[in-house]
>>> print(open('entry21.pdb').read())   # PDB, C-alpha atoms and all ligand atoms
ATOM      1  CA  MET O   1      -2.670 -17.863 -19.923  1.00  0.00           C
ATOM      2  CA  ILE O   2       0.089 -20.333 -19.155  1.00  0.00           C
ATOM      3  CA  LEU O   3       3.203 -18.736 -17.690  1.00  0.00           C
ATOM      4  CA  LYS O   4       6.749 -19.681 -18.601  1.00  0.00           C
ATOM      5  CA  ILE O   5       8.451 -21.920 -16.037  1.00  0.00           C
ATOM      6  CA  GLN O   6      11.934 -20.960 -14.861  1.00  0.00           C
ATOM      7  CA  ILE O   7      14.260 -23.935 -15.129  1.00  0.00           C
ATOM      8  CA  GLY O   8      17.638 -24.865 -13.678  1.00  0.00           C
ATOM      9  CA  ARG O   9      19.296 -25.301 -10.295  1.00  0.00           C
ATOM     10  CA  ASP O  10      21.558 -22.270 -10.821  1.00  0.00           C
ATOM     11  CA  ASN O  11      18.863 -20.006 -12.271  1.00  0.00           C
ATOM     12  CA  PRO O  12      19.307 -16.664 -10.409  1.00  0.00           C
ATOM     13  CA  ILE O  13      15.544 -16.054 -10.194  1.00  0.00           C
ATOM     14  CA  LEU O  14      15.071 -19.405  -8.462  1.00  0.00           C
ATOM     15  CA  ARG O  15      17.965 -18.618  -6.098  1.00  0.00           C
ATOM     16  CA  LYS O  16      16.796 -15.198  -4.961  1.00  0.00           C
ATOM     17  CA  LYS O  17      14.862 -14.625  -1.730  1.00  0.00           C
ATOM     18  CA  SER O  18      11.393 -13.317  -2.574  1.00  0.00           C
ATOM     19  CA  VAL O  19       9.842 -10.178  -1.104  1.00  0.00           C
ATOM     20  CA  LYS O  20       6.615 -10.016   0.891  1.00  0.00           C
ATOM     21  CA  ILE O  21       3.317  -9.321  -0.842  1.00  0.00           C
ATOM     22  CA  SER O  22       1.923  -6.023   0.375  1.00  0.00           C
ATOM     23  CA  LYS O  23      -0.672  -5.160  -2.270  1.00  0.00           C
ATOM     24  CA  PHE O  24      -3.720  -7.374  -2.486  1.00  0.00           C
ATOM     25  CA  ASP O  25      -5.125  -5.881  -5.651  1.00  0.00           C
ATOM     26  CA  LYS O  26      -6.597  -6.980  -8.998  1.00  0.00           C
ATOM     27  CA  LYS O  27      -3.124  -7.571 -10.382  1.00  0.00           C
ATOM     28  CA  LEU O  28      -2.398 -10.119  -7.664  1.00  0.00           C
ATOM     29  CA  LYS O  29      -5.727 -11.882  -8.310  1.00  0.00           C
ATOM     30  CA  LYS O  30      -4.928 -12.076 -12.012  1.00  0.00           C
ATOM     31  CA  PHE O  31      -1.432 -13.415 -11.311  1.00  0.00           C
ATOM     32  CA  VAL O  32      -2.850 -16.055  -8.950  1.00  0.00           C
ATOM     33  CA  LYS O  33      -5.296 -17.191 -11.662  1.00  0.00           C
ATOM     34  CA  GLN O  34      -2.459 -17.522 -14.148  1.00  0.00           C
ATOM     35  CA  MET O  35      -0.345 -19.438 -11.649  1.00  0.00           C
ATOM     36  CA  ILE O  36      -3.204 -21.859 -10.975  1.00  0.00           C
ATOM     37  CA  ALA O  37      -3.751 -22.405 -14.715  1.00  0.00           C
ATOM     38  CA  THR O  38      -0.017 -23.007 -15.167  1.00  0.00           C
ATOM     39  CA  MET O  39       0.209 -25.469 -12.273  1.00  0.00           C
ATOM     40  CA  LEU O  40      -2.793 -27.438 -13.524  1.00  0.00           C
ATOM     41  CA  ALA O  41      -1.501 -27.470 -17.116  1.00  0.00           C
ATOM     42  CA  LYS O  42       1.827 -28.863 -15.913  1.00  0.00           C
ATOM     43  CA  ASN O  43       0.272 -31.333 -13.442  1.00  0.00           C
ATOM     44  CA  GLY O  44       2.135 -29.816 -10.515  1.00  0.00           C
ATOM     45  CA  VAL O  45       1.138 -30.220  -6.854  1.00  0.00           C
ATOM     46  CA  GLY O  46       2.293 -26.689  -6.187  1.00  0.00           C
ATOM     47  CA  LEU O  47       3.860 -23.661  -7.797  1.00  0.00           C
ATOM     48  CA  ALA O  48       5.762 -20.723  -6.303  1.00  0.00           C
ATOM     49  CA  ALA O  49       5.982 -17.269  -7.916  1.00  0.00           C
ATOM     50  CA  PRO O  50       9.764 -17.406  -8.569  1.00  0.00           C
ATOM     51  CA  GLN O  51       9.121 -20.469 -10.734  1.00  0.00           C
ATOM     52  CA  VAL O  52       7.225 -18.208 -13.120  1.00  0.00           C
ATOM     53  CA  GLY O  53       9.725 -15.370 -12.888  1.00  0.00           C
ATOM     54  CA  ARG O  54       8.407 -13.226 -10.013  1.00  0.00           C
ATOM     55  CA  ASN O  55      10.333 -12.931  -6.758  1.00  0.00           C
ATOM     56  CA  GLU O  56       7.258 -12.365  -4.604  1.00  0.00           C
ATOM     57  CA  ARG O  57       6.049 -14.434  -1.669  1.00  0.00           C
ATOM     58  CA  VAL O  58       3.037 -16.155  -3.147  1.00  0.00           C
ATOM     59  CA  ALA O  59       2.562 -19.839  -3.849  1.00  0.00           C
ATOM     60  CA  ILE O  60      -0.204 -22.076  -5.136  1.00  0.00           C
ATOM     61  CA  LEU O  61      -0.892 -25.389  -3.516  1.00  0.00           C
ATOM     62  CA  ASN O  62      -3.053 -28.009  -5.194  1.00  0.00           C
ATOM     63  CA  PHE O  63      -4.646 -28.807  -1.864  1.00  0.00           C
ATOM     64  CA  GLN O  64      -5.535 -32.476  -1.518  1.00  0.00           C
ATOM     65  CA  LEU O  65      -9.020 -32.886  -0.070  1.00  0.00           C
ATOM     66  CA  GLY O  66      -9.464 -36.586  -0.732  1.00  0.00           C
ATOM     67  CA  ARG O  67      -7.807 -39.478  -2.506  1.00  0.00           C
ATOM     68  CA  LYS O  68      -8.356 -37.955  -5.936  1.00  0.00           C
ATOM     69  CA  LYS O  69      -9.876 -34.633  -4.986  1.00  0.00           C
ATOM     70  CA  PHE O  70      -7.792 -31.477  -5.234  1.00  0.00           C
ATOM     71  CA  LYS O  71      -8.533 -27.795  -4.918  1.00  0.00           C
ATOM     72  CA  PRO O  72      -5.991 -25.086  -5.782  1.00  0.00           C
ATOM     73  CA  ILE O  73      -5.432 -22.464  -3.095  1.00  0.00           C
ATOM     74  CA  ALA O  74      -3.225 -19.379  -3.059  1.00  0.00           C
ATOM     75  CA  LEU O  75      -0.970 -18.608  -0.100  1.00  0.00           C
ATOM     76  CA  ALA O  76       0.518 -15.146   0.202  1.00  0.00           C
ATOM     77  CA  ASN O  77       3.358 -14.644   2.680  1.00  0.00           C
ATOM     78  CA  PRO O  78       3.153 -18.240   3.940  1.00  0.00           C
ATOM     79  CA  GLU O  79       5.037 -19.160   7.092  1.00  0.00           C
ATOM     80  CA  ILE O  80       5.287 -22.401   9.012  1.00  0.00           C
ATOM     81  CA  VAL O  81       4.335 -21.602  12.572  1.00  0.00           C
ATOM     82  CA  ASP O  82       4.213 -25.119  13.967  1.00  0.00           C
ATOM     83  CA  ALA O  83       5.425 -28.540  12.857  1.00  0.00           C
ATOM     84  CA  SER O  84       5.449 -32.096  14.137  1.00  0.00           C
ATOM     85  CA  MET O  85       8.596 -33.478  15.690  1.00  0.00           C
ATOM     86  CA  GLU O  86       8.185 -36.334  13.270  1.00  0.00           C
ATOM     87  CA  THR O  87       9.717 -36.188   9.804  1.00  0.00           C
ATOM     88  CA  MET O  88       9.101 -38.230   6.682  1.00  0.00           C
ATOM     89  CA  MET O  89      11.334 -39.117   3.747  1.00  0.00           C
ATOM     90  CA  GLU O  90       9.596 -39.160   0.377  1.00  0.00           C
ATOM     91  CA  GLU O  91      10.648 -38.676  -3.188  1.00  0.00           C
ATOM     92  CA  GLU O  92      10.099 -35.199  -4.620  1.00  0.00           C
ATOM     93  CA  GLY O  93      10.317 -33.580  -7.994  1.00  0.00           C
ATOM     94  CA  CYS O  94       9.937 -30.005  -9.214  1.00  0.00           C
ATOM     95  CA  LEU O  95       8.583 -28.325 -12.353  1.00  0.00           C
ATOM     96  CA  SER O  96      11.743 -26.193 -12.406  1.00  0.00           C
ATOM     97  CA  LEU O  97      14.019 -29.242 -12.352  1.00  0.00           C
ATOM     98  CA  PRO O  98      12.453 -31.563 -14.908  1.00  0.00           C
ATOM     99  CA  GLY O  99      13.568 -35.182 -14.792  1.00  0.00           C
ATOM    100  CA  ILE O 100      15.262 -34.919 -11.391  1.00  0.00           C
ATOM    101  CA  PHE O 101      13.954 -36.809  -8.362  1.00  0.00           C
ATOM    102  CA  GLY O 102      15.234 -37.590  -4.904  1.00  0.00           C
ATOM    103  CA  LYS O 103      14.238 -38.235  -1.313  1.00  0.00           C
ATOM    104  CA  VAL O 104      13.815 -35.242   0.965  1.00  0.00           C
ATOM    105  CA  LYS O 105      13.088 -35.182   4.687  1.00  0.00           C
ATOM    106  CA  ARG O 106      10.121 -32.958   5.644  1.00  0.00           C
ATOM    107  CA  TRP O 107       7.970 -32.369   8.701  1.00  0.00           C
ATOM    108  CA  LYS O 108       5.087 -34.836   8.734  1.00  0.00           C
ATOM    109  CA  THR O 109       2.568 -32.191   9.735  1.00  0.00           C
ATOM    110  CA  ALA O 110       2.823 -28.431   9.563  1.00  0.00           C
ATOM    111  CA  THR O 111       0.666 -25.473  10.466  1.00  0.00           C
ATOM    112  CA  VAL O 112       0.984 -22.711   7.931  1.00  0.00           C
ATOM    113  CA  LYS O 113      -0.043 -19.120   8.476  1.00  0.00           C
ATOM    114  CA  PHE O 114      -0.681 -17.051   5.341  1.00  0.00           C
ATOM    115  CA  GLN O 115      -2.902 -14.434   3.730  1.00  0.00           C
ATOM    116  CA  ASP O 116      -5.491 -15.196   1.079  1.00  0.00           C
ATOM    117  CA  GLU O 117      -5.788 -13.250  -2.183  1.00  0.00           C
ATOM    118  CA  ALA O 118      -7.770 -10.529  -0.428  1.00  0.00           C
ATOM    119  CA  GLY O 119      -5.164 -10.171   2.319  1.00  0.00           C
ATOM    120  CA  ASN O 120      -7.193 -11.904   5.033  1.00  0.00           C
ATOM    121  CA  PRO O 121      -5.122 -13.805   7.589  1.00  0.00           C
ATOM    122  CA  ARG O 122      -5.601 -17.580   7.397  1.00  0.00           C
ATOM    123  CA  ALA O 123      -4.075 -20.692   8.898  1.00  0.00           C
ATOM    124  CA  LEU O 124      -4.172 -24.334   7.867  1.00  0.00           C
ATOM    125  CA  GLU O 125      -3.030 -27.497   9.594  1.00  0.00           C
ATOM    126  CA  LEU O 126      -1.548 -29.713   6.930  1.00  0.00           C
ATOM    127  CA  ASP O 127      -0.384 -33.300   6.759  1.00  0.00           C
ATOM    128  CA  GLY O 128       0.716 -35.832   4.153  1.00  0.00           C
ATOM    129  CA  LEU O 129       1.200 -34.489   0.643  1.00  0.00           C
ATOM    130  CA  ASN O 130      -0.170 -31.051   1.591  1.00  0.00           C
ATOM    131  CA  ALA O 131       2.396 -30.603   4.367  1.00  0.00           C
ATOM    132  CA  ARG O 132       5.218 -31.752   2.101  1.00  0.00           C
ATOM    133  CA  ALA O 133       4.155 -29.513  -0.788  1.00  0.00           C
ATOM    134  CA  VAL O 134       3.853 -26.390   1.351  1.00  0.00           C
ATOM    135  CA  GLN O 135       7.363 -26.899   2.758  1.00  0.00           C
ATOM    136  CA  HIS O 136       8.711 -27.339  -0.789  1.00  0.00           C
ATOM    137  CA  GLU O 137       6.937 -24.148  -1.982  1.00  0.00           C
ATOM    138  CA  ILE O 138       8.077 -22.015   0.967  1.00  0.00           C
ATOM    139  CA  ASP O 139      11.644 -23.140   0.227  1.00  0.00           C
ATOM    140  CA  HIS O 140      11.208 -21.727  -3.298  1.00  0.00           C
ATOM    141  CA  LEU O 141      10.356 -18.330  -1.780  1.00  0.00           C
ATOM    142  CA  ASP O 142      13.667 -18.451   0.080  1.00  0.00           C
ATOM    143  CA  GLY O 143      15.695 -19.480  -2.977  1.00  0.00           C
ATOM    144  CA  ILE O 144      16.055 -23.082  -1.815  1.00  0.00           C
ATOM    145  CA  LEU O 145      15.540 -25.990  -4.227  1.00  0.00           C
ATOM    146  CA  PHE O 146      14.717 -29.539  -3.185  1.00  0.00           C
ATOM    147  CA  VAL O 147      17.970 -30.824  -4.717  1.00  0.00           C
ATOM    148  CA  ASP O 148      19.790 -28.902  -1.940  1.00  0.00           C
ATOM    149  CA  LYS O 149      18.106 -31.211   0.569  1.00  0.00           C
ATOM    150  CA  ILE O 150      18.175 -34.588  -1.152  1.00  0.00           C
ATOM    151  CA  GLU O 151      19.408 -37.375   1.089  1.00  0.00           C
ATOM    152  CA  GLY O 152      20.863 -40.262  -0.829  1.00  0.00           C
ATOM    153  CA  GLU O 153      20.695 -40.793  -4.525  1.00  0.00           C
ATOM    154  CA  ILE O 154      19.595 -38.250  -7.105  1.00  0.00           C
ATOM    155  CA  ARG O 155      17.544 -39.990  -9.750  1.00  0.00           C
ATOM    156  CA  GLU O 156      17.569 -38.575 -13.259  1.00  0.00           C
ATOM    157  CA  GLU O 157      14.946 -39.443 -15.816  1.00  0.00           C
ATOM    158  CA  LYS O 158      15.077 -38.357 -19.409  1.00  0.00           C
TER     159      LYS O 158
HETATM  160 ZN    ZN J 201       9.496 -26.905  -6.893  1.00  0.00          ZN
END
>>> encode(input="entry21.pdb", output="C-alpha cells")
Amino acid sequence: MILKIQIGRDNPILRKKSVKISKFDKKLKKFVKQMIATMLAKNGVGLAAPQVGRNERVAILNFQLGRKKFKPIALANPEIVDASMETMMEEEGCLSLPGIFGKVKRWKTATVKFQDEAGNPRALELDGLNARAVQHEIDHLDGILFVDKIEGEIREEK
C-alpha cells in the first residue's frame, strides 16, 4: 500500500515535533513496510513518518551501499550522537515540497543512534548521501523542512 504524502511548507503535520516510538509491535512493522513501499514508489532517498501523516519518530533511509546499490532501513528514535567538524553544501529536494530545490549545509559524516523495528539499539556511522539524508529525515521529526535551511537561491521546477 502506498501512503499519501503530506505536501506544503506550512502543513501543520510537517511542522509538528514528533513523539518517540515506544511500542515495537506488529503495527509498527506494518507501517514501516508501507513507508518503504511509498519511498520506493516515489523514488525518494528517505521518508519520515510525518510526511505520511504520522507524528512519530520513525524514518526510512534508502541506505546507499554502493554506487547503484541501495537497501531501505528503518530508524526509530534516531539521534545524531557524533558528527564531523566538516560540512558540505549540496542541493536537496523533498517529496513533501515537490519542484523545490536548494543548497543546504550538512555535516559531512554523522553517527546516528537509533532502534530497529524490533526495538534493538543500533548505531551507524554515515557519510556522503547517507549522512545527508539522515540529517534531512531527523529534521522532519522535529518539524524542520530543508527550505528553512537553504543557503542561496531556491530553485523551482514545474
Ligand atoms: Zn524531506
>>> resolve_selection(input="entry21.pdb", expression="the PyMOL selection byres (((not hetatm)) within 8 of (chain J and resi 201))", output="number ranges by chain")
O: 46-48, 51, 93-97, 136-137, 140, 145-146
>>> closest_residue(input="entry21.pdb", among="O:Gln64, O:Gln34, O:Asn55, O:Thr111", to="O:Lys16", atoms="all atoms listed in the file")
O:Asn55
>>> atom_distance(input="entry21.pdb", atom1="atom CA of O:Val19", atom2="atom CA of O:Leu3")
19.8 Å
>>> atom_distance(input="entry21.pdb", atom1="atom CA of O:Leu124", atom2="atom CA of O:Lys23")
22.0 Å
>>> atom_distance(input="entry21.pdb", atom1="atom CA of O:Ile5", atom2="atom CA of O:Gly128")
25.7 Å
>>> resolve_selection(input="entry21.pdb", expression="the PyMOL selection byres (((chain O and resi 153) around 9) and not hetatm)", output="list of chain:residue names")
O:Phe101, O:Gly102, O:Lys103, O:Ile150, O:Glu151, O:Gly152, O:Ile154, O:Arg155
>>> resolve_selection(input="entry21.pdb", expression="the PyMOL selection byres (((chain O and resi 126) around 12) and not hetatm)", output="PyMOL selection string")
chain O and resi 61+63-65+80-84+107-113+123-125+127-135
>>> residues_around(input="entry21.pdb", residues="O:Pro78", least_positions_apart="6", cutoff="8 Å", atoms="only C-alpha atoms", output="list of chain:residue names")
O:Arg57, O:Val58, O:Ala59, O:Val112, O:Lys113, O:Phe114, O:Gln115, O:Ile138
>>> residues_around(input="entry21.pdb", residues="O:Val104", least_positions_apart="3", cutoff="7 Å", atoms="all atoms listed in the file", output="list of chain:residue names")
O:Met89, O:Glu90, O:Glu91, O:Glu92, O:Lys149, O:Ile150, O:Glu151
>>> axis_aligned_box(input="entry21.pdb", around="stretch 88-100 of chain O", padding_each_side="8 Å", output="AutoDock Vina command-line options")
--center_x 11.9 --center_y -32.7 --center_z -4.1 --size_x 22.7 --size_y 29.0 --size_z 37.6
>>> residues_near_point(input="entry21.pdb", point="(18.9, -24.5, -3.9)", cutoff="9 Å", atoms="only C-alpha atoms", output="CSV table (one decimal) with C-alpha atoms, in the coordinates of the input")
chain,number,residue,atom,x,y,z
O,9,ARG,CA,19.3,-25.3,-10.3
O,10,ASP,CA,21.6,-22.3,-10.8
O,14,LEU,CA,15.1,-19.4,-8.5
O,15,ARG,CA,18.0,-18.6,-6.1
O,139,ASP,CA,11.6,-23.1,0.2
O,140,HIS,CA,11.2,-21.7,-3.3
O,142,ASP,CA,13.7,-18.5,0.1
O,143,GLY,CA,15.7,-19.5,-3.0
O,144,ILE,CA,16.1,-23.1,-1.8
O,145,LEU,CA,15.5,-26.0,-4.2
O,146,PHE,CA,14.7,-29.5,-3.2
O,147,VAL,CA,18.0,-30.8,-4.7
O,148,ASP,CA,19.8,-28.9,-1.9
O,149,LYS,CA,18.1,-31.2,0.6
>>> residues_around(input="entry21.pdb", residues="O:Lys158", least_positions_apart="3", cutoff="9 Å", atoms="all atoms listed in the file", output="number ranges by chain")
O: 98-100
>>> closest_residue(input="entry21.pdb", among="O:Glu156, O:Arg67, O:Arg54, O:Glu86", to="O:Ser18", atoms="only C-alpha atoms")
O:Arg54
